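*Asks:* Can you read through this structure? Questions will come right after.
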2 protein chains.
Amino acid sequence: MALQHDPRQNHLLAALSRDEYQRLAPHLERVDLRLGESLAESGKVMRHVYFPVDCIVSLLCVMEDGDSTEIAVVGAEGIVGISLFMGGETTPSRAVVQSAGSAYRLKGQLIKDEFDRASTLQHLLLRYTQALITQMAQTAVCNRHHSLDQQLCRWLLLSLDRLPTNELVMTQELIANMLGVRREGVTESAGKLQRAGLISYHRGHISILDRTGLEARVCECYAVVKKEYDRLLSYHRTG
Amino acid sequence: MALQHDPRQNHLLAALSRDEYQRLAPHLERVDLRLGESLAESGKVMRHVYFPVDCIVSLLCVMEDGDSTEIAVVGAEGIVGISLFMGGETTPSRAVVQSAGSAYRLKGQLIKDEFDRASTLQHLLLRYTQALITQMAQTAVCNRHHSLDQQLCRWLLLSLDRLPTNELVMTQELIANMLGVRREGVTESAGKLQRAGLISYHRGHISILDRTGLEARVCECYAVVKKEYDRLLSYHRTG
DNA sequence: TCGCTTCCGTGCGTTAGCGTACACGGCATG
DNA sequence: CATGCCGTGTACGCTAACGCACGGAAGCGA
């Protein structure tokens, strides 16, 4: 059905008024994003912003030695490329597709123009950016204070919230890159979760069996972020 | 001399056009901020934004158990209270004075009004916010990957950049709270720096003796943040 | 001068996570 | 069917940082 390819599956686009949406709609270009694809490189000017509909994009900080850490994750609730409307044009971080799917993209100049009209979109984007800031801040805290077990639960839940299914295609190696830890560490923590019956996985496919169980093990960071997202992004579809 | 109390010691205010500055100037209220004073509490609506001139403000994430971690630091280059113009009104983090001094504050409604005029100030604030985001992201990475020794160097250098002198009034206990580590850990790391002749300290007073030496020991995170601040905030005084 | 608090030093056992190495089984590819 | 790679399991020593405990010394107030 047609709705499968509706840009308004993205929550930001869905919250626009009819007029504003109509202005943008002709310029929205659907793109299929493959796992591992890069949407933004450190220091490079992005040509588009991306509105995910059913994919997940990780924002990663990469260090000189190649090690990386995920600082935030973006799904249908958000947008990739905030530096375009924030005015900096580039960021020092990368944006990598963590879960394949599709998104709609818009040329950089168009989002800037719309943003500068001080439209509803501007307010939406700013509130979204503030939510993103909260996610980054909480990630910093979590990295400092919480165990790998807890961080894995947080990561699984954040991913799950942005996914239509209970299954994610993701090797332990990749999760380790996201969390900035060893692959073996993920194996151990994931093993605990599997033995506890909360998840099951096999060669790059993880199924969440007991979401409530994960929520019982996760640190407070997950709830803080979720609450703030709900608070800042609980707008109603207006158009 | 009068300049000592010039709001335009704050870089954001300094970058405004004459007109814009004149609009705000009558409403700028000078406040002296004491060490440890709180400018923002988690979840509470701020009544003012603050433009520091010679003080330093830490943005802290506080957890349920009371442990905290600094996620960013703000000096004369910035502003405290971005949630007011970003639209969220509140944040889950605290803002605490880390180094006493003065700031100018502006009622929340006034900054919102000026922001919504799509003025120069809007662009400045957005670029500043992006710089702040970079600092938070890099803090997350640093928490994950770098040693306490390196993080202490980073913290000292970030503070030093926002201070007129080479001396900071700060106990090791407080630094530990900022970094989210044990006090004893700070004692050890600071001891190394002192034995190496880079700093000297005594009962809550730290003097930086060899800034270059600190820069040689710090991790890349410091440079990444500094470079991004320079890039995003290198505007010229226009009015 | 006494006494108290604050700040810093140090030592010790514990632990989470690291680096490394290796083994095993699926799955794909030839 | 053989080969090879990829994803996962496991083990072992190592280190940074932790929690805790205590001691000393500097400063402050009475």
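In the structure tokens, chains take the letters A, B, ... in the order shown, each chain's residues start at 1, and ligands count up from 1 in the order shown.
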Please provide as a ChimeraX atom specification all residues within 12 Å of segment 3-15 of chain C, with the sequence filter that same-chain residues fewer than 2 positions apart are discarded (counting only C-alpha atoms (C1' of nucleotides)).

*Replies:* /A:147 /B:170-174,183-188,190-191,201-205 /C:1,17 /D:15-30

*Asks:* Taking only C-alpha atoms (C1' of nucleotides) into account, what are the residues of chain C at most 9 Å from chain A, put as number ranges by chain?

*Replies:* C: 16-18, 26

*Asks:* Taking all heavy atoms for each residue, export the selection above as an mmCIF file, in the first residue's frame.

*Replies:*
```cif
data_model
loop_
_atom_site.group_PDB
_atom_site.id
_atom_site.type_symbol
_atom_site.label_atom_id
_atom_site.label_comp_id
_atom_site.auth_asym_id
_atom_site.auth_seq_id
_atom_site.Cartn_x
_atom_site.Cartn_y
_atom_site.Cartn_z
ATOM 1 P P DA C 16 32.781 -6.776 38.791
ATOM 2 O OP1 DA C 16 31.539 -6.726 39.573
ATOM 3 O OP2 DA C 16 33.313 -8.068 38.326
ATOM 4 O "O5'" DA C 16 32.629 -5.810 37.539
ATOM 5 C "C5'" DA C 16 32.730 -4.413 37.743
ATOM 6 C "C4'" DA C 16 33.389 -3.746 36.545
ATOM 7 O "O4'" DA C 16 34.832 -3.896 36.617
ATOM 8 C "C3'" DA C 16 32.968 -4.322 35.199
ATOM 9 O "O3'" DA C 16 32.788 -3.241 34.295
ATOM 10 C "C2'" DA C 16 34.133 -5.229 34.806
ATOM 11 C "C1'" DA C 16 35.321 -4.518 35.453
ATOM 12 N N9 DA C 16 36.392 -5.409 35.894
ATOM 13 C C8 DA C 16 36.252 -6.639 36.472
ATOM 14 N N7 DA C 16 37.395 -7.196 36.791
ATOM 15 C C5 DA C 16 38.341 -6.285 36.392
ATOM 16 C C6 DA C 16 39.752 -6.304 36.445
ATOM 17 N N6 DA C 16 40.462 -7.310 36.966
ATOM 18 N N1 DA C 16 40.401 -5.231 35.961
ATOM 19 C C2 DA C 16 39.693 -4.219 35.455
ATOM 20 N N3 DA C 16 38.360 -4.088 35.348
ATOM 21 C C4 DA C 16 37.741 -5.176 35.836
ATOM 22 P P DG C 17 32.125 -3.453 32.887
ATOM 23 O OP1 DG C 17 31.287 -2.270 32.632
ATOM 24 O OP2 DG C 17 31.568 -4.811 32.849
ATOM 25 O "O5'" DG C 17 33.360 -3.381 31.890
ATOM 26 C "C5'" DG C 17 34.193 -2.235 31.904
ATOM 27 C "C4'" DG C 17 35.532 -2.589 31.311
ATOM 28 O "O4'" DG C 17 36.200 -3.551 32.161
ATOM 29 C "C3'" DG C 17 35.471 -3.245 29.916
ATOM 30 O "O3'" DG C 17 36.094 -2.366 28.991
ATOM 31 C "C2'" DG C 17 36.213 -4.563 30.086
ATOM 32 C "C1'" DG C 17 37.040 -4.313 31.352
ATOM 33 N N9 DG C 17 37.406 -5.531 32.070
ATOM 34 C C8 DG C 17 36.565 -6.518 32.527
ATOM 35 N N7 DG C 17 37.204 -7.491 33.127
ATOM 36 C C5 DG C 17 38.540 -7.126 33.067
ATOM 37 C C6 DG C 17 39.703 -7.776 33.542
ATOM 38 O O6 DG C 17 39.785 -8.855 34.144
ATOM 39 N N1 DG C 17 40.855 -7.049 33.263
ATOM 40 C C2 DG C 17 40.887 -5.846 32.606
ATOM 41 N N2 DG C 17 42.077 -5.293 32.427
ATOM 42 N N3 DG C 17 39.816 -5.220 32.152
ATOM 43 C C4 DG C 17 38.678 -5.913 32.414
ATOM 44 P P DC C 18 36.437 -2.795 27.531
ATOM 45 O OP1 DC C 18 36.317 -1.587 26.697
ATOM 46 O OP2 DC C 18 35.701 -4.013 27.213
ATOM 47 O "O5'" DC C 18 37.989 -3.143 27.651
ATOM 48 C "C5'" DC C 18 38.903 -2.137 28.066
ATOM 49 C "C4'" DC C 18 40.326 -2.637 27.948
ATOM 50 O "O4'" DC C 18 40.517 -3.715 28.896
ATOM 51 C "C3'" DC C 18 40.688 -3.187 26.579
ATOM 52 O "O3'" DC C 18 41.840 -2.539 26.072
ATOM 53 C "C2'" DC C 18 40.930 -4.679 26.795
ATOM 54 C "C1'" DC C 18 41.199 -4.780 28.279
ATOM 55 N N1 DC C 18 40.651 -6.033 28.869
ATOM 56 C C2 DC C 18 41.526 -7.002 29.351
ATOM 57 O O2 DC C 18 42.740 -6.813 29.279
ATOM 58 N N3 DC C 18 41.011 -8.134 29.890
ATOM 59 C C4 DC C 18 39.692 -8.301 29.952
ATOM 60 N N4 DC C 18 39.227 -9.428 30.495
ATOM 61 C C5 DC C 18 38.787 -7.324 29.454
ATOM 62 C C6 DC C 18 39.302 -6.211 28.921
ATOM 63 P P DG C 26 26.893 -25.991 13.540
ATOM 64 O OP1 DG C 26 25.642 -26.501 14.113
ATOM 65 O OP2 DG C 26 27.609 -26.744 12.517
ATOM 66 O "O5'" DG C 26 26.690 -24.484 13.089
ATOM 67 C "C5'" DG C 26 25.612 -24.036 12.440
ATOM 68 C "C4'" DG C 26 25.936 -22.690 11.864
ATOM 69 O "O4'" DG C 26 27.344 -22.407 11.820
ATOM 70 C "C3'" DG C 26 25.448 -22.673 10.442
ATOM 71 O "O3'" DG C 26 24.839 -21.432 10.213
ATOM 72 C "C2'" DG C 26 26.715 -22.876 9.619
ATOM 73 C "C1'" DG C 26 27.778 -22.208 10.488
ATOM 74 N N9 DG C 26 29.098 -22.821 10.373
ATOM 75 C C8 DG C 26 29.451 -24.106 10.722
ATOM 76 N N7 DG C 26 30.711 -24.363 10.528
ATOM 77 C C5 DG C 26 31.223 -23.189 10.009
ATOM 78 C C6 DG C 26 32.538 -22.873 9.604
ATOM 79 O O6 DG C 26 33.545 -23.598 9.635
ATOM 80 N N1 DG C 26 32.633 -21.565 9.138
ATOM 81 C C2 DG C 26 31.591 -20.671 9.074
ATOM 82 N N2 DG C 26 31.867 -19.457 8.597
ATOM 83 N N3 DG C 26 30.355 -20.952 9.458
ATOM 84 C C4 DG C 26 30.243 -22.225 9.907
#
```

*Asks:* Show me, as a ChimeraX atom specification, every residue of chain B with an atom at most 8 Å from chain A, counting only C-alpha atoms.

*Replies:* /B:61,63-64,68-69,71,83,86-88,91-92,116,118,123,126-127,129-130,133-134,136-141,143-145,180,220,224,228,232

*Asks:* May I have all residues of segment 43-203 of chain A that DSSP, computed from the backbone, assigns to strand (DSSP E), given as a PyMOL selection string?

*Replies:* chain A and resi 48-52+56-62+68-74+94-99+101-107+167-169+199-202

*Asks:* What does the file look like for those residues with N, CA, C and O atoms, as a short mmCIF file (atom, residue, chain, number, x, y, z; two decimals), in the first residue's frame?

*Replies:*
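Saved as again_25.cif:
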```
data_model
loop_
_atom_site.label_atom_id
_atom_site.label_comp_id
_atom_site.auth_asym_id
_atom_site.auth_seq_id
_atom_site.Cartn_x
_atom_site.Cartn_y
_atom_site.Cartn_z
N HIS A 48 22.70 16.86 2.01
CA HIS A 48 21.29 16.68 2.33
C HIS A 48 21.10 16.49 3.83
O HIS A 48 22.03 16.10 4.53
N VAL A 49 19.88 16.76 4.26
CA VAL A 49 19.46 16.22 5.55
C VAL A 49 18.61 14.99 5.27
O VAL A 49 18.01 14.89 4.19
N TYR A 50 18.59 14.08 6.23
CA TYR A 50 17.85 12.83 6.05
C TYR A 50 16.76 12.69 7.12
O TYR A 50 17.05 12.87 8.31
N PHE A 51 15.57 12.36 6.66
CA PHE A 51 14.48 12.04 7.57
C PHE A 51 14.24 10.54 7.53
O PHE A 51 13.60 10.05 6.60
N PRO A 52 14.74 9.79 8.50
CA PRO A 52 14.55 8.34 8.50
C PRO A 52 13.08 7.99 8.64
O PRO A 52 12.33 8.70 9.32
N ILE A 56 17.66 3.13 11.17
CA ILE A 56 18.30 3.75 12.33
C ILE A 56 19.67 4.24 11.91
O ILE A 56 20.41 3.52 11.23
N VAL A 57 19.99 5.43 12.33
CA VAL A 57 21.29 6.01 12.00
C VAL A 57 22.03 6.32 13.30
O VAL A 57 21.46 6.90 14.22
N SER A 58 23.28 5.90 13.35
CA SER A 58 24.11 6.16 14.53
C SER A 58 25.00 7.36 14.30
O SER A 58 25.61 7.49 13.23
N LEU A 59 25.09 8.22 15.28
CA LEU A 59 26.07 9.29 15.24
C LEU A 59 27.29 8.84 16.02
O LEU A 59 27.18 8.50 17.21
N LEU A 60 28.42 8.81 15.36
CA LEU A 60 29.63 8.25 15.95
C LEU A 60 30.73 9.28 16.04
O LEU A 60 30.93 10.08 15.13
N CYS A 61 31.45 9.25 17.13
CA CYS A 61 32.68 10.01 17.25
C CYS A 61 33.84 9.06 16.96
O CYS A 61 33.99 8.05 17.64
N VAL A 62 34.62 9.38 15.98
CA VAL A 62 35.75 8.53 15.64
C VAL A 62 37.03 9.20 16.10
O VAL A 62 37.23 10.39 15.90
N SER A 68 35.86 4.04 17.86
CA SER A 68 34.72 4.94 17.76
C SER A 68 33.76 4.70 18.91
O SER A 68 33.82 3.69 19.60
N THR A 69 32.88 5.64 19.10
CA THR A 69 31.84 5.52 20.10
C THR A 69 30.58 6.18 19.59
O THR A 69 30.64 7.28 19.03
N GLU A 70 29.48 5.52 19.78
CA GLU A 70 28.20 6.10 19.40
C GLU A 70 27.81 7.15 20.42
O GLU A 70 27.88 6.89 21.62
N ILE A 71 27.43 8.31 19.95
CA ILE A 71 27.02 9.34 20.91
C ILE A 71 25.52 9.56 20.89
O ILE A 71 24.96 10.12 21.81
N ALA A 72 24.87 9.11 19.83
CA ALA A 72 23.42 9.22 19.77
C ALA A 72 22.91 8.39 18.62
O ALA A 72 23.67 7.97 17.75
N VAL A 73 21.62 8.15 18.63
CA VAL A 73 21.01 7.32 17.61
C VAL A 73 19.74 8.03 17.13
O VAL A 73 19.06 8.69 17.90
N VAL A 74 19.50 7.95 15.83
CA VAL A 74 18.39 8.67 15.23
C VAL A 74 17.50 7.71 14.46
O VAL A 74 17.99 6.89 13.68
N ARG A 94 30.59 11.22 12.63
CA ARG A 94 30.08 10.50 11.47
C ARG A 94 28.65 10.08 11.70
O ARG A 94 28.21 9.93 12.83
N ALA A 95 27.93 9.87 10.61
CA ALA A 95 26.57 9.33 10.70
C ALA A 95 26.54 8.06 9.86
O ALA A 95 26.79 8.11 8.65
N VAL A 96 26.28 6.93 10.50
CA VAL A 96 26.34 5.64 9.83
C VAL A 96 25.03 4.89 10.01
O VAL A 96 24.45 4.91 11.10
N VAL A 97 24.59 4.25 8.96
CA VAL A 97 23.35 3.49 9.02
C VAL A 97 23.55 2.24 9.87
O VAL A 97 24.39 1.40 9.56
N GLN A 98 22.79 2.14 10.91
CA GLN A 98 22.93 1.04 11.86
C GLN A 98 21.90 -0.04 11.56
O GLN A 98 22.12 -1.22 11.87
N SER A 99 20.80 0.36 11.02
CA SER A 99 19.78 -0.61 10.61
C SER A 99 19.24 -0.16 9.26
O SER A 99 18.75 0.97 9.12
N GLY A 101 17.18 0.52 5.84
CA GLY A 101 15.81 0.94 5.65
C GLY A 101 15.77 2.14 4.74
O GLY A 101 16.75 2.44 4.05
N SER A 102 14.68 2.86 4.77
CA SER A 102 14.61 4.01 3.88
C SER A 102 14.44 5.31 4.64
O SER A 102 14.09 5.34 5.83
N ALA A 103 14.75 6.37 3.93
CA ALA A 103 14.66 7.71 4.48
C ALA A 103 14.28 8.66 3.35
O ALA A 103 14.34 8.28 2.18
N TYR A 104 13.87 9.84 3.72
CA TYR A 104 13.65 10.88 2.71
C TYR A 104 14.67 11.96 2.94
O TYR A 104 14.94 12.34 4.07
N ARG A 105 15.24 12.41 1.86
CA ARG A 105 16.24 13.45 2.04
C ARG A 105 15.85 14.72 1.32
O ARG A 105 15.03 14.72 0.41
N LEU A 106 16.49 15.79 1.77
CA LEU A 106 16.15 17.12 1.29
C LEU A 106 17.47 17.85 1.10
O LEU A 106 18.37 17.73 1.92
N LYS A 107 17.56 18.60 0.03
CA LYS A 107 18.81 19.33 -0.23
C LYS A 107 19.06 20.33 0.90
O LYS A 107 18.15 20.94 1.43
N GLU A 167 13.31 -7.76 16.00
CA GLU A 167 14.57 -8.37 15.58
C GLU A 167 15.50 -7.31 15.00
O GLU A 167 15.09 -6.48 14.21
N LEU A 168 16.75 -7.37 15.41
CA LEU A 168 17.69 -6.47 14.77
C LEU A 168 18.85 -7.24 14.17
O LEU A 168 19.31 -8.23 14.72
N VAL A 169 19.29 -6.74 13.02
CA VAL A 169 20.38 -7.37 12.28
C VAL A 169 21.66 -6.65 12.67
O VAL A 169 21.91 -5.53 12.25
N ILE A 199 16.78 -12.27 25.46
CA ILE A 199 17.02 -12.14 24.02
C ILE A 199 17.47 -13.50 23.50
O ILE A 199 17.81 -14.40 24.28
N SER A 200 17.45 -13.63 22.19
CA SER A 200 18.13 -14.77 21.59
C SER A 200 18.80 -14.26 20.33
O SER A 200 18.30 -13.36 19.66
N TYR A 201 19.95 -14.80 20.04
CA TYR A 201 20.65 -14.29 18.87
C TYR A 201 21.40 -15.41 18.19
O TYR A 201 21.73 -16.44 18.79
N HIS A 202 21.69 -15.17 16.96
CA HIS A 202 22.38 -16.18 16.17
C HIS A 202 22.97 -15.53 14.93
O HIS A 202 22.25 -15.02 14.08
#
```

*Asks:* How many Å lie between atom CA of Asn166 of chain B and atom CA of Ile208 of chain B, rounded to one decimal?

*Replies:*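 Separation between atom CA of Asn166 of chain B and atom CA of Ile208 of chain B: 5.4 Å.
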
*Asks:* Identify, with DSSP run on backbone atoms, the residues in segment 168-228 of chain B assigned to helix (DSSP H, G or I), and express the list as a VMD selection string.

*Replies:* chain B and resid 172 to 179 183 to 195 211 to 217 220 to 228
